[in-house]
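As stored in model_2.cif (mmCIF, C-alpha atoms):
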```
data_coords
loop_
_atom_site.group_PDB
_atom_site.id
_atom_site.type_symbol
_atom_site.label_atom_id
_atom_site.label_comp_id
_atom_site.auth_asym_id
_atom_site.auth_seq_id
_atom_site.Cartn_x
_atom_site.Cartn_y
_atom_site.Cartn_z
ATOM 1 C CA MET A 1 0.000 0.000 0.000
ATOM 2 C CA ALA A 2 2.917 2.390 0.742
ATOM 3 C CA LEU A 3 4.311 2.068 -2.782
ATOM 4 C CA LYS A 4 0.810 2.561 -4.194
ATOM 5 C CA ARG A 5 0.898 6.019 -2.624
ATOM 6 C CA ILE A 6 4.080 6.793 -4.537
ATOM 7 C CA GLU A 7 2.482 5.550 -7.762
ATOM 8 C CA TYR A 8 -0.472 7.868 -7.168
ATOM 9 C CA TRP A 9 1.800 10.872 -6.580
ATOM 10 C CA ALA A 10 3.833 9.955 -9.664
ATOM 11 C CA GLU A 11 0.679 9.941 -11.789
ATOM 12 C CA HIS A 12 -1.020 13.013 -10.328
ATOM 13 C CA GLY A 13 1.905 15.048 -9.019
ATOM 14 C CA MET A 14 1.898 17.119 -5.816
ATOM 15 C CA THR A 15 0.695 20.577 -4.887
ATOM 16 C CA VAL A 16 2.527 20.657 -1.534
ATOM 17 C CA VAL A 17 5.474 18.906 0.099
ATOM 18 C CA HIS A 18 4.576 15.739 1.983
ATOM 19 C CA VAL A 19 6.386 15.216 5.302
ATOM 20 C CA VAL A 20 6.133 11.656 6.581
ATOM 21 C CA TYR A 21 6.543 11.049 10.309
ATOM 22 C CA GLY A 22 6.409 7.947 12.453
ATOM 23 C CA PRO A 23 8.261 5.892 15.061
ATOM 24 C CA GLU A 24 12.010 5.398 14.905
ATOM 25 C CA GLY A 25 12.786 2.293 12.894
ATOM 26 C CA CYS A 26 9.250 1.826 11.540
ATOM 27 C CA GLY A 27 10.488 1.498 7.955
ATOM 28 C CA LYS A 28 10.457 5.060 6.570
ATOM 29 C CA SER A 29 13.982 4.802 5.122
ATOM 30 C CA ALA A 30 13.325 1.413 3.531
ATOM 31 C CA TRP A 31 10.125 2.794 1.979
ATOM 32 C CA LEU A 32 11.919 5.838 0.574
ATOM 33 C CA LYS A 33 14.682 3.695 -0.939
ATOM 34 C CA GLN A 34 12.145 1.356 -2.545
ATOM 35 C CA SER A 35 10.279 4.416 -3.799
ATOM 36 C CA THR A 36 13.475 5.695 -5.436
ATOM 37 C CA GLU A 37 13.670 2.525 -7.507
ATOM 38 C CA LEU A 38 9.971 2.675 -8.369
ATOM 39 C CA LEU A 39 10.165 6.298 -9.498
ATOM 40 C CA ARG A 40 13.171 5.481 -11.680
ATOM 41 C CA GLU A 41 11.111 2.763 -13.377
ATOM 42 C CA LEU A 42 8.328 5.309 -13.885
ATOM 43 C CA GLY A 43 10.653 7.597 -15.803
ATOM 44 C CA PHE A 44 11.551 10.151 -13.144
ATOM 45 C CA GLU A 45 14.833 11.943 -12.570
ATOM 46 C CA VAL A 46 15.085 10.929 -8.934
ATOM 47 C CA THR A 47 17.398 11.184 -5.983
ATOM 48 C CA TYR A 48 17.237 9.861 -2.426
ATOM 49 C CA ILE A 49 19.302 11.840 0.071
ATOM 50 C CA ASN A 50 19.985 11.109 3.738
ATOM 51 C CA PRO A 51 22.155 13.995 4.979
ATOM 52 C CA LEU A 52 22.479 12.543 8.474
ATOM 53 C CA HIS A 53 24.213 9.413 7.187
ATOM 54 C CA GLN A 54 25.854 11.148 4.213
ATOM 55 C CA GLU A 55 24.085 8.812 1.826
ATOM 56 C CA PHE A 56 22.492 9.355 -1.561
ATOM 57 C CA THR A 57 21.185 7.506 -4.591
ATOM 58 C CA ALA A 58 20.605 9.317 -7.881
ATOM 59 C CA TYR A 59 19.059 8.162 -11.125
ATOM 60 C CA THR A 60 19.696 10.922 -13.632
ATOM 61 C CA ASP A 61 21.893 11.795 -16.587
ATOM 62 C CA MET A 62 22.927 15.066 -14.898
ATOM 63 C CA LYS A 63 26.486 13.953 -14.208
ATOM 64 C CA ASP A 64 27.610 17.280 -12.743
ATOM 65 C CA LEU A 65 24.978 17.044 -9.991
ATOM 66 C CA ILE A 66 25.960 13.459 -9.238
ATOM 67 C CA LYS A 67 29.554 14.683 -8.906
ATOM 68 C CA GLN A 68 28.459 17.369 -6.448
ATOM 69 C CA LEU A 69 26.510 14.835 -4.394
ATOM 70 C CA THR A 70 29.503 12.493 -4.324
ATOM 71 C CA GLU A 71 31.836 15.271 -3.202
ATOM 72 C CA ALA A 72 29.427 16.410 -0.494
ATOM 73 C CA ALA A 73 29.018 12.874 0.847
ATOM 74 C CA ALA A 74 32.811 12.611 1.137
ATOM 75 C CA GLU A 75 33.222 15.857 3.093
ATOM 76 C CA VAL A 76 33.812 16.218 6.802
ATOM 77 C CA PHE A 77 30.885 15.063 8.925
ATOM 78 C CA GLY A 78 28.677 18.043 9.781
ATOM 79 C CA VAL A 79 29.580 20.156 6.771
ATOM 80 C CA ALA A 80 28.417 17.439 4.385
ATOM 81 C CA GLN A 81 25.078 17.090 6.136
ATOM 82 C CA VAL A 82 23.990 20.646 5.377
ATOM 83 C CA ARG A 83 25.421 20.576 1.859
ATOM 84 C CA LEU A 84 23.622 17.354 0.967
ATOM 85 C CA ALA A 85 20.350 18.757 2.272
ATOM 86 C CA THR A 86 20.854 21.859 0.131
ATOM 87 C CA LEU A 87 21.724 19.782 -2.932
ATOM 88 C CA ALA A 88 18.327 18.104 -2.702
ATOM 89 C CA LEU A 89 16.784 21.471 -3.585
ATOM 90 C CA GLU A 90 19.376 22.102 -6.280
ATOM 91 C CA PHE A 91 18.616 18.725 -7.843
ATOM 92 C CA VAL A 92 14.979 19.676 -8.436
ATOM 93 C CA LYS A 93 15.813 23.200 -9.596
ATOM 94 C CA GLU A 94 18.474 22.098 -12.080
ATOM 95 C CA ALA A 95 16.404 19.208 -13.400
ATOM 96 C CA LEU A 96 13.550 21.569 -14.210
ATOM 97 C CA LYS A 97 15.859 24.118 -15.806
ATOM 98 C CA ARG A 98 17.171 21.361 -18.075
ATOM 99 C CA ARG A 99 13.641 20.552 -19.219
ATOM 100 C CA LYS A 100 13.266 17.330 -17.257
ATOM 101 C CA ARG A 101 9.515 16.729 -17.136
ATOM 102 C CA ARG A 102 9.295 14.258 -14.232
ATOM 103 C CA VAL A 103 11.407 14.951 -11.141
ATOM 104 C CA ALA A 104 11.444 13.437 -7.652
ATOM 105 C CA VAL A 105 13.488 14.079 -4.538
ATOM 106 C CA LEU A 106 13.140 11.958 -1.397
ATOM 107 C CA VAL A 107 14.859 13.382 1.678
ATOM 108 C CA ASP A 108 15.443 11.298 4.788
ATOM 109 C CA ASP A 109 16.258 12.842 8.197
ATOM 110 C CA ALA A 110 17.229 16.200 6.687
ATOM 111 C CA PHE A 111 15.754 18.146 9.586
ATOM 112 C CA LYS A 112 18.226 16.729 12.086
ATOM 113 C CA ALA A 113 21.036 17.791 9.785
ATOM 114 C CA ILE A 114 19.926 21.390 9.307
ATOM 115 C CA GLY A 115 18.409 21.987 12.754
ATOM 116 C CA ILE A 116 15.009 22.922 14.131
ATOM 117 C CA GLY A 117 15.340 26.595 13.255
ATOM 118 C CA LYS A 118 15.678 25.900 9.536
ATOM 119 C CA ALA A 119 13.345 22.908 9.155
ATOM 120 C CA ALA A 120 10.237 24.898 8.188
ATOM 121 C CA ILE A 121 12.244 27.188 5.892
ATOM 122 C CA TYR A 122 13.664 24.127 4.164
ATOM 123 C CA VAL A 123 10.168 22.763 3.524
ATOM 124 C CA LYS A 124 9.066 26.167 2.227
ATOM 125 C CA GLY A 125 12.038 26.107 -0.150
ATOM 126 C CA ILE A 126 10.892 22.802 -1.624
ATOM 127 C CA LEU A 127 7.322 24.096 -1.873
ATOM 128 C CA GLY A 128 8.588 27.128 -3.776
ATOM 129 C CA LEU A 129 9.939 24.840 -6.482
ATOM 130 C CA ILE A 130 6.494 23.252 -6.851
ATOM 131 C CA GLU A 131 4.573 26.529 -6.883
ATOM 132 C CA TYR A 132 7.069 28.661 -8.831
ATOM 133 C CA PRO A 133 9.151 26.272 -10.931
ATOM 134 C CA PRO A 134 11.916 27.601 -13.197
ATOM 135 C CA ALA A 135 10.320 25.686 -16.106
ATOM 136 C CA ASP A 136 7.191 23.707 -16.936
ATOM 137 C CA TYR A 137 6.961 20.104 -15.773
ATOM 138 C CA ASP A 138 4.613 17.133 -15.835
ATOM 139 C CA ALA A 139 5.024 15.907 -12.247
ATOM 140 C CA ILE A 140 7.130 16.594 -9.169
ATOM 141 C CA VAL A 141 7.270 14.248 -6.184
ATOM 142 C CA THR A 142 8.849 15.693 -3.026
ATOM 143 C CA VAL A 143 8.814 13.698 0.198
ATOM 144 C CA ALA A 144 10.686 14.333 3.446
ATOM 145 C CA ALA A 145 10.685 11.873 6.356
ATOM 146 C CA THR A 146 11.334 12.372 10.068
ATOM 147 C CA SER A 147 10.925 10.428 13.292
ATOM 148 C CA GLU A 148 11.345 13.550 15.419
ATOM 149 C CA GLY A 149 8.164 14.843 17.031
ATOM 150 C CA LEU A 150 9.886 18.164 17.662
ATOM 151 C CA TYR A 151 10.292 18.800 13.930
ATOM 152 C CA ARG A 152 6.787 17.608 13.206
ATOM 153 C CA ARG A 153 5.427 20.256 15.582
ATOM 154 C CA GLU A 154 7.551 22.976 14.008
ATOM 155 C CA ILE A 155 6.529 22.112 10.443
ATOM 156 C CA GLY A 156 2.892 21.587 11.428
ATOM 157 C CA ARG A 157 2.640 25.210 12.582
ATOM 158 C CA HIS A 158 2.841 26.315 8.945
ATOM 159 C CA ARG A 159 0.803 25.524 5.836
ATOM 160 C CA TRP A 160 3.726 24.523 3.684
ATOM 161 C CA ALA A 161 3.377 20.752 3.924
ATOM 162 C CA TYR A 162 0.995 17.891 4.482
ATOM 163 C CA LEU A 163 1.922 15.693 7.424
ATOM 164 C CA ASP A 164 1.423 12.006 6.616
ATOM 165 C CA ALA A 165 1.639 9.372 9.348
ATOM 166 C CA MET A 166 3.448 6.053 9.059
ATOM 167 C CA TRP A 167 3.249 3.361 11.693
ATOM 168 C CA ASN A 168 5.105 0.164 12.492
ATOM 169 C CA MET A 169 4.420 -2.870 10.334
ATOM 170 C CA SER A 170 1.042 -4.563 10.388
ATOM 171 C CA LYS A 171 0.907 -7.895 12.192
ATOM 172 C CA GLU A 172 0.595 -9.803 8.912
ATOM 173 C CA GLY A 173 3.509 -8.010 7.262
ATOM 174 C CA PHE A 174 5.634 -8.271 10.393
ATOM 175 C CA LYS A 175 5.056 -12.011 10.529
ATOM 176 C CA GLN A 176 6.492 -12.362 7.029
ATOM 177 C CA LEU A 177 9.612 -10.477 8.140
ATOM 178 C CA TYR A 178 9.840 -12.561 11.331
ATOM 179 C CA GLU A 179 9.682 -15.808 9.360
ATOM 180 C CA HIS A 180 12.720 -14.784 7.298
ATOM 181 C CA ILE A 181 14.911 -14.515 10.410
ATOM 182 C CA PRO A 182 17.179 -17.578 10.633
ATOM 183 C CA GLY A 183 17.826 -19.730 13.675
ATOM 184 C CA SER A 184 15.900 -20.245 16.882
ATOM 185 C CA LYS A 185 13.837 -17.318 18.156
ATOM 186 C CA PRO A 186 10.974 -16.532 20.527
ATOM 187 C CA ASP A 187 7.526 -17.473 19.252
ATOM 188 C CA PHE A 188 5.836 -14.935 17.046
ATOM 189 C CA GLU A 189 3.260 -13.653 19.555
ATOM 190 C CA GLU A 190 5.951 -12.911 22.130
ATOM 191 C CA THR A 191 8.052 -11.149 19.480
ATOM 192 C CA TRP A 192 5.027 -9.075 18.471
ATOM 193 C CA ARG A 193 4.390 -8.072 22.093
ATOM 194 C CA LEU A 194 8.008 -6.927 22.428
ATOM 195 C CA THR A 195 8.236 -4.982 19.182
ATOM 196 C CA GLY A 196 4.699 -3.961 18.220
ATOM 197 C CA GLY A 197 5.791 -4.516 14.623
ATOM 198 C CA ASN A 198 8.834 -2.215 14.755
ATOM 199 C CA PRO A 199 11.509 -3.728 12.456
ATOM 200 C CA LYS A 200 14.353 -1.806 14.122
ATOM 201 C CA ILE A 201 13.558 -3.291 17.531
ATOM 202 C CA LEU A 202 13.313 -6.713 15.906
ATOM 203 C CA GLY A 203 16.796 -6.212 14.453
ATOM 204 C CA GLN A 204 18.165 -5.152 17.837
ATOM 205 C CA LEU A 205 16.715 -8.238 19.496
ATOM 206 C CA TYR A 206 18.197 -10.483 16.803
ATOM 207 C CA GLU A 207 21.604 -8.807 17.108
ATOM 208 C CA ALA A 208 21.458 -9.268 20.901
ATOM 209 C CA ARG A 209 20.622 -12.975 20.383
ATOM 210 C CA TRP A 210 17.152 -12.328 21.796
ATOM 211 C CA ASN A 211 18.548 -11.001 25.076
ATOM 212 C CA ILE A 212 15.680 -8.711 26.071
ATOM 213 C CA GLU A 213 17.543 -7.284 29.068
ATOM 214 C CA ALA A 214 20.441 -6.199 26.868
ATOM 215 C CA VAL A 215 18.103 -4.323 24.499
ATOM 216 C CA LEU A 216 16.230 -2.734 27.405
ATOM 217 C CA MET A 217 19.470 -1.475 28.957
ATOM 218 C CA ARG A 218 20.543 -0.035 25.616
ATOM 219 C CA ILE A 219 17.247 1.875 25.348
ATOM 220 C CA ILE A 220 17.558 3.115 28.935
ATOM 221 C CA ASN A 221 21.109 4.322 28.338
ATOM 222 C CA ASP A 222 20.611 5.742 24.835
ATOM 223 C CA LYS A 223 17.503 7.684 25.858
ATOM 224 C CA ARG A 224 19.077 8.770 29.176
ATOM 225 C CA LEU A 225 15.935 7.643 30.939
ATOM 226 C CA LYS A 226 17.404 7.678 34.449
ATOM 227 C CA ALA A 227 18.332 11.346 34.135
ATOM 228 C CA PHE A 228 14.997 12.172 32.532
ATOM 229 C CA ILE A 229 12.908 10.460 35.190
ATOM 230 C CA SER A 230 15.075 11.898 37.983
ATOM 231 C CA SER A 231 14.206 15.370 36.693
ATOM 232 C CA LEU A 232 10.462 14.831 37.119
ATOM 233 C CA LEU A 233 8.360 16.136 39.976
ATOM 234 C CA PRO A 234 6.509 13.522 42.077
ATOM 235 C CA GLU A 235 3.219 14.381 40.356
ATOM 236 C CA GLU A 236 4.837 14.000 36.928
ATOM 237 C CA ARG A 237 6.220 10.584 37.893
ATOM 238 C CA LYS A 238 2.686 9.579 38.842
ATOM 239 C CA TRP A 239 1.393 10.737 35.445
ATOM 240 C CA LEU A 240 4.175 8.839 33.699
ATOM 241 C CA LYS A 241 3.265 5.632 35.541
ATOM 242 C CA GLU A 242 -0.295 6.063 34.330
ATOM 243 C CA ALA A 243 0.952 6.681 30.769
ATOM 244 C CA VAL A 244 2.869 3.389 30.831
ATOM 245 C CA LYS A 245 -0.497 1.675 31.220
ATOM 246 C CA ASP A 246 -2.388 3.995 28.849
ATOM 247 C CA PRO A 247 -0.621 6.748 26.827
ATOM 248 C CA ASP A 248 -3.927 8.552 26.250
ATOM 249 C CA THR A 249 -3.825 9.732 29.887
ATOM 250 C CA LEU A 250 -1.182 12.265 28.800
ATOM 251 C CA LEU A 251 -3.711 14.150 26.691
ATOM 252 C CA MET A 252 -4.779 16.474 29.532
ATOM 253 C CA ARG A 253 -3.962 20.157 29.771
ATOM 254 C CA GLU A 254 -1.661 19.920 32.772
ATOM 255 C CA ARG A 255 0.143 16.875 31.373
ATOM 256 C CA ILE A 256 0.952 18.270 27.911
ATOM 257 C CA PRO A 257 4.454 19.500 28.918
ATOM 258 C CA LEU A 258 5.336 15.971 30.042
ATOM 259 C CA MET A 259 3.897 14.562 26.834
ATOM 260 C CA ASP A 260 6.030 16.973 24.794
ATOM 261 C CA ARG A 261 9.179 15.840 26.598
ATOM 262 C CA LEU A 262 8.358 12.217 25.797
ATOM 263 C CA ILE A 263 7.814 13.190 22.166
ATOM 264 C CA ASP A 264 11.167 14.985 22.053
ATOM 265 C CA LEU A 265 12.841 11.834 23.415
ATOM 266 C CA ASN A 266 11.218 9.857 20.583
ATOM 267 C CA LEU A 267 9.362 7.657 23.051
ATOM 268 C CA ILE A 268 5.772 8.368 22.058
ATOM 269 C CA VAL A 269 3.787 9.672 19.098
ATOM 270 C CA ASP A 270 0.959 12.030 19.994
ATOM 271 C CA THR A 271 -2.400 12.923 18.498
ATOM 272 C CA ILE A 272 -2.488 9.950 16.147
ATOM 273 C CA PRO A 273 -4.813 10.582 13.181
ATOM 274 C CA GLU A 274 -8.049 8.711 12.712
ATOM 275 C CA ARG A 275 -7.482 5.213 11.306
ATOM 276 C CA LEU A 276 -8.494 6.270 7.807
ATOM 277 C CA SER A 277 -6.355 4.821 5.036
ATOM 278 C CA HIS A 278 -5.834 8.135 3.202
ATOM 279 C CA LEU A 279 -4.209 9.615 6.327
ATOM 280 C CA TRP A 280 -1.583 6.879 6.514
ATOM 281 C CA ILE A 281 1.283 5.928 4.241
ATOM 282 C CA ASP A 282 0.734 2.260 5.032
ATOM 283 C CA THR A 283 -1.480 0.237 7.374
ATOM 284 C CA PRO A 284 -2.726 2.325 10.341
ATOM 285 C CA PRO A 285 -2.129 1.100 13.901
ATOM 286 C CA PRO A 286 -4.922 -0.729 15.707
ATOM 287 C CA GLU A 287 -7.686 1.450 17.110
ATOM 288 C CA LYS A 288 -6.426 0.679 20.600
ATOM 289 C CA ASP A 289 -4.110 -2.047 21.906
ATOM 290 C CA LEU A 290 -2.664 -1.222 25.307
ATOM 291 C CA GLU A 291 -0.642 -4.448 25.385
ATOM 292 C CA ILE A 292 1.666 -2.976 22.724
ATOM 293 C CA GLY A 293 1.223 0.591 23.994
ATOM 294 C CA VAL A 294 -1.202 1.960 21.382
ATOM 295 C CA GLY A 295 -3.968 4.238 22.588
ATOM 296 C CA LYS A 296 -6.653 5.966 20.586
ATOM 297 C CA ASP A 297 -4.776 9.291 20.450
ATOM 298 C CA ASN A 298 -1.261 8.588 21.746
ATOM 299 C CA ALA A 299 1.040 5.597 21.406
ATOM 300 C CA TRP A 300 4.422 4.413 22.613
ATOM 301 C CA GLN A 301 6.692 4.098 19.596
ATOM 302 C CA ALA A 302 7.435 0.488 20.575
ATOM 303 C CA PRO A 303 6.408 -1.722 23.504
ATOM 304 C CA LEU A 304 10.008 -2.002 24.743
ATOM 305 C CA TYR A 305 10.123 1.787 25.108
ATOM 306 C CA LYS A 306 7.271 1.776 27.596
ATOM 307 C CA GLU A 307 8.842 -1.232 29.320
ATOM 308 C CA ALA A 308 12.146 0.652 29.638
ATOM 309 C CA VAL A 309 10.327 3.607 31.217
ATOM 310 C CA ARG A 310 8.401 1.283 33.522
ATOM 311 C CA ARG A 311 11.669 -0.364 34.583
ATOM 312 C CA VAL A 312 13.336 2.925 35.531
ATOM 313 C CA LEU A 313 10.214 4.130 37.311
ATOM 314 C CA GLY A 314 10.145 0.913 39.304
ATOM 315 C CA ALA A 315 6.440 0.693 38.461
#
```
Please, can you express the file's structure as structure tokens?
Amino acid sequence: MALKRIEYWAEHGMTVVHVVYGPEGCGKSAWLKQSTELLRELGFEVTYINPLHQEFTAYTDMKDLIKQLTEAAAEVFGVAQVRLATLALEFVKEALKRRKRRVAVLVDDAFKAIGIGKAAIYVKGILGLIEYPPADYDAIVTVAATSEGLYRREIGRHRWAYLDAMWNMSKEGFKQLYEHIPGSKPDFEETWRLTGGNPKILGQLYEARWNIEAVLMRIINDKRLKAFISSLLPEERKWLKEAVKDPDTLLMRERIPLMDRLIDLNLIVDTIPERLSHLWIDTPPPEKDLEIGVGKDNAWQAPLYKEAVRRVLGA
């Protein structure tokens, strides 16, 4: 279904930039890379750029732009990130100037590279190419992806982009991925309860030889959960314990600041859209499944995230 969305955009074009958000490791990067191949087959000049990891793929005969992308990816870490993000805009602009009729640029994690202050301006820059192109075109596809709730809030304040949600894999799709993993492993239902369909968490468990404690400790350390929870007031700790059981309890006026901090730590996703297919890049999450941490309006990005918080809280 996710690639069908790309096919639709390729056929009908876009009037605004689409910013796709969702949990860390839910499959946004894999989808964008598959979309790059699909758009190439559909006759687009297309590039995929991930400034954060200094990575790009380009399908075009514009050899000078490929050379610039290659040079930027080889530059010192930090400098290259911003330059690659900028070259994504240049790719579209130059392609249109050279009378390319079908152009696509897919940008992954650019907002982390350029910073919160420039994220909305960057999106507006892409939109400007759609609204005021340097030459006529048949179709432009521009997609940016982020897992950062902070950037989603910043971009959502403006009218320069549509925000499209993407969730972890559906149970059926996740089972197909699970069955391809070699060797002995926990049964599928237990694996589902641990991951909630998040392929990144599945990969971490496999790498840790299914040592759940090892993965939990990595989450606790990487997210600095001990420091975070130590900073909370007693009342906030109480609210957090309630949110471990049901993330929707955070959607109260006095608890919004705590919810925002959890979003900024990439632990939860807030104000989940209605489970209508046109609002989601792929299969929506279940209406509510507290076992894997999904509420009606809020959800833990993965069940092991809420378990890590519960562990530090001593709940």
Which residues match the PyMOL selection byres ((chain A and resi 310) around 12) in the file above, as a PDB file with C-alpha atoms, in the frame of the given file?
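So out-v1.pdb came out as:
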```
ATOM      1  CA  LEU A 216      16.230  -2.734  27.405  1.00  0.00           C
ATOM      2  CA  ILE A 220      17.558   3.115  28.935  1.00  0.00           C
ATOM      3  CA  LEU A 225      15.935   7.643  30.939  1.00  0.00           C
ATOM      4  CA  LYS A 226      17.404   7.678  34.449  1.00  0.00           C
ATOM      5  CA  ILE A 229      12.908  10.460  35.190  1.00  0.00           C
ATOM      6  CA  ARG A 237       6.220  10.584  37.893  1.00  0.00           C
ATOM      7  CA  LYS A 238       2.686   9.579  38.842  1.00  0.00           C
ATOM      8  CA  TRP A 239       1.393  10.737  35.445  1.00  0.00           C
ATOM      9  CA  LEU A 240       4.175   8.839  33.699  1.00  0.00           C
ATOM     10  CA  LYS A 241       3.265   5.632  35.541  1.00  0.00           C
ATOM     11  CA  GLU A 242      -0.295   6.063  34.330  1.00  0.00           C
ATOM     12  CA  ALA A 243       0.952   6.681  30.769  1.00  0.00           C
ATOM     13  CA  VAL A 244       2.869   3.389  30.831  1.00  0.00           C
ATOM     14  CA  LYS A 245      -0.497   1.675  31.220  1.00  0.00           C
ATOM     15  CA  GLY A 293       1.223   0.591  23.994  1.00  0.00           C
ATOM     16  CA  PRO A 303       6.408  -1.722  23.504  1.00  0.00           C
ATOM     17  CA  LEU A 304      10.008  -2.002  24.743  1.00  0.00           C
ATOM     18  CA  TYR A 305      10.123   1.787  25.108  1.00  0.00           C
ATOM     19  CA  LYS A 306       7.271   1.776  27.596  1.00  0.00           C
ATOM     20  CA  GLU A 307       8.842  -1.232  29.320  1.00  0.00           C
ATOM     21  CA  ALA A 308      12.146   0.652  29.638  1.00  0.00           C
ATOM     22  CA  VAL A 309      10.327   3.607  31.217  1.00  0.00           C
ATOM     23  CA  ARG A 311      11.669  -0.364  34.583  1.00  0.00           C
ATOM     24  CA  VAL A 312      13.336   2.925  35.531  1.00  0.00           C
ATOM     25  CA  LEU A 313      10.214   4.130  37.311  1.00  0.00           C
ATOM     26  CA  GLY A 314      10.145   0.913  39.304  1.00  0.00           C
ATOM     27  CA  ALA A 315       6.440   0.693  38.461  1.00  0.00           C
TER      28      ALA A 315
END
```
Extract, using all atoms listed in the file, all DNA, RNA and protein residues at most 12 Å from segment 180-183 of chain A, discarding same-chain residues fewer than 5 positions from it, and format them as a ChimeraX atom specification.
-> /A:173-175,188,191,199,202-203,205-207,209-210
Which of these residues is nearest to Val105 of chain A, using all atoms listed in the file: A:Arg255, A:Arg193, A:Arg224, A:Lys93?
->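 Counting all atoms listed in the file, the residue closest to Val105 of chain A is A:Lys93.
The interatomic distance for the pair atom CA of Arg102 of chain A and atom CA of Ile140 of chain A works out to 6.0 Å.
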Do you have the atom CA of Asp109 of chain A-atom CA of Thr146 of chain A distance handy?
->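 Value for the atom CA of Asp109 of chain A-atom CA of Thr146 of chain A distance: 5.3 Å.
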Starting from the shown file, work through the PyMOL selection byres ((chain A and resi 30-37) around 10) and note down what comes out as a ChimeraX atom specification.
-> /A:2-7,25-29,38-42,44-49,56-59,104-108,143-145,281-282
Closest of A:Leu267, A:Ala72, A:Leu194, A:Leu84 to Ile292 of chain A, counting all atoms listed in the file, is A:Leu194
Distance in Å - atom CA of Pro134 of chain A versus atom CA of Lys67 of chain A = 22.3 Å
Need the axis-aligned box for segment 26-43 of chain A with 6 Å each side, so what are the centre and edges in Å to one decimal, as lines of an AutoDock Vina configuration file?
```
center_x = 11.5
center_y = 4.5
center_z = -2.1
size_x = 18.4
size_y = 18.2
size_z = 39.3
```
Return the single residue from A:Met1, A:Ile268, A:Ala110, A:Leu129 that is closest to Gln54 of chain A, with distances computed using all atoms listed in the file.
->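 Of A:Met1, A:Ile268, A:Ala110, A:Leu129, the one nearest Gln54 of chain A, counting all atoms listed in the file, is A:Ala110.
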A:Tyr122, A:Tyr178, A:Tyr21, A:Phe77: which is nearest Lys200 of chain A, counting only C-alpha atoms?
-> A:Tyr178
Residues matched by the PyMOL selection byres ((chain A and resi 248) around 12), written as a PyMOL selection string = chain A and resi 239-240+242-247+249-252+255-256+259+268-272+288-290+293-300
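Taking only C-alpha atoms, the non-local environment of segment 159-171 of chain A within 6 Å (same-chain residues fewer than 4 positions away omitted) comprises Val16, Val17, His18, Val19, Val20, Tyr21, Gly22, Cys26, Lys124, Gly197, Asn198, Trp280 and Ile281 of chain A.
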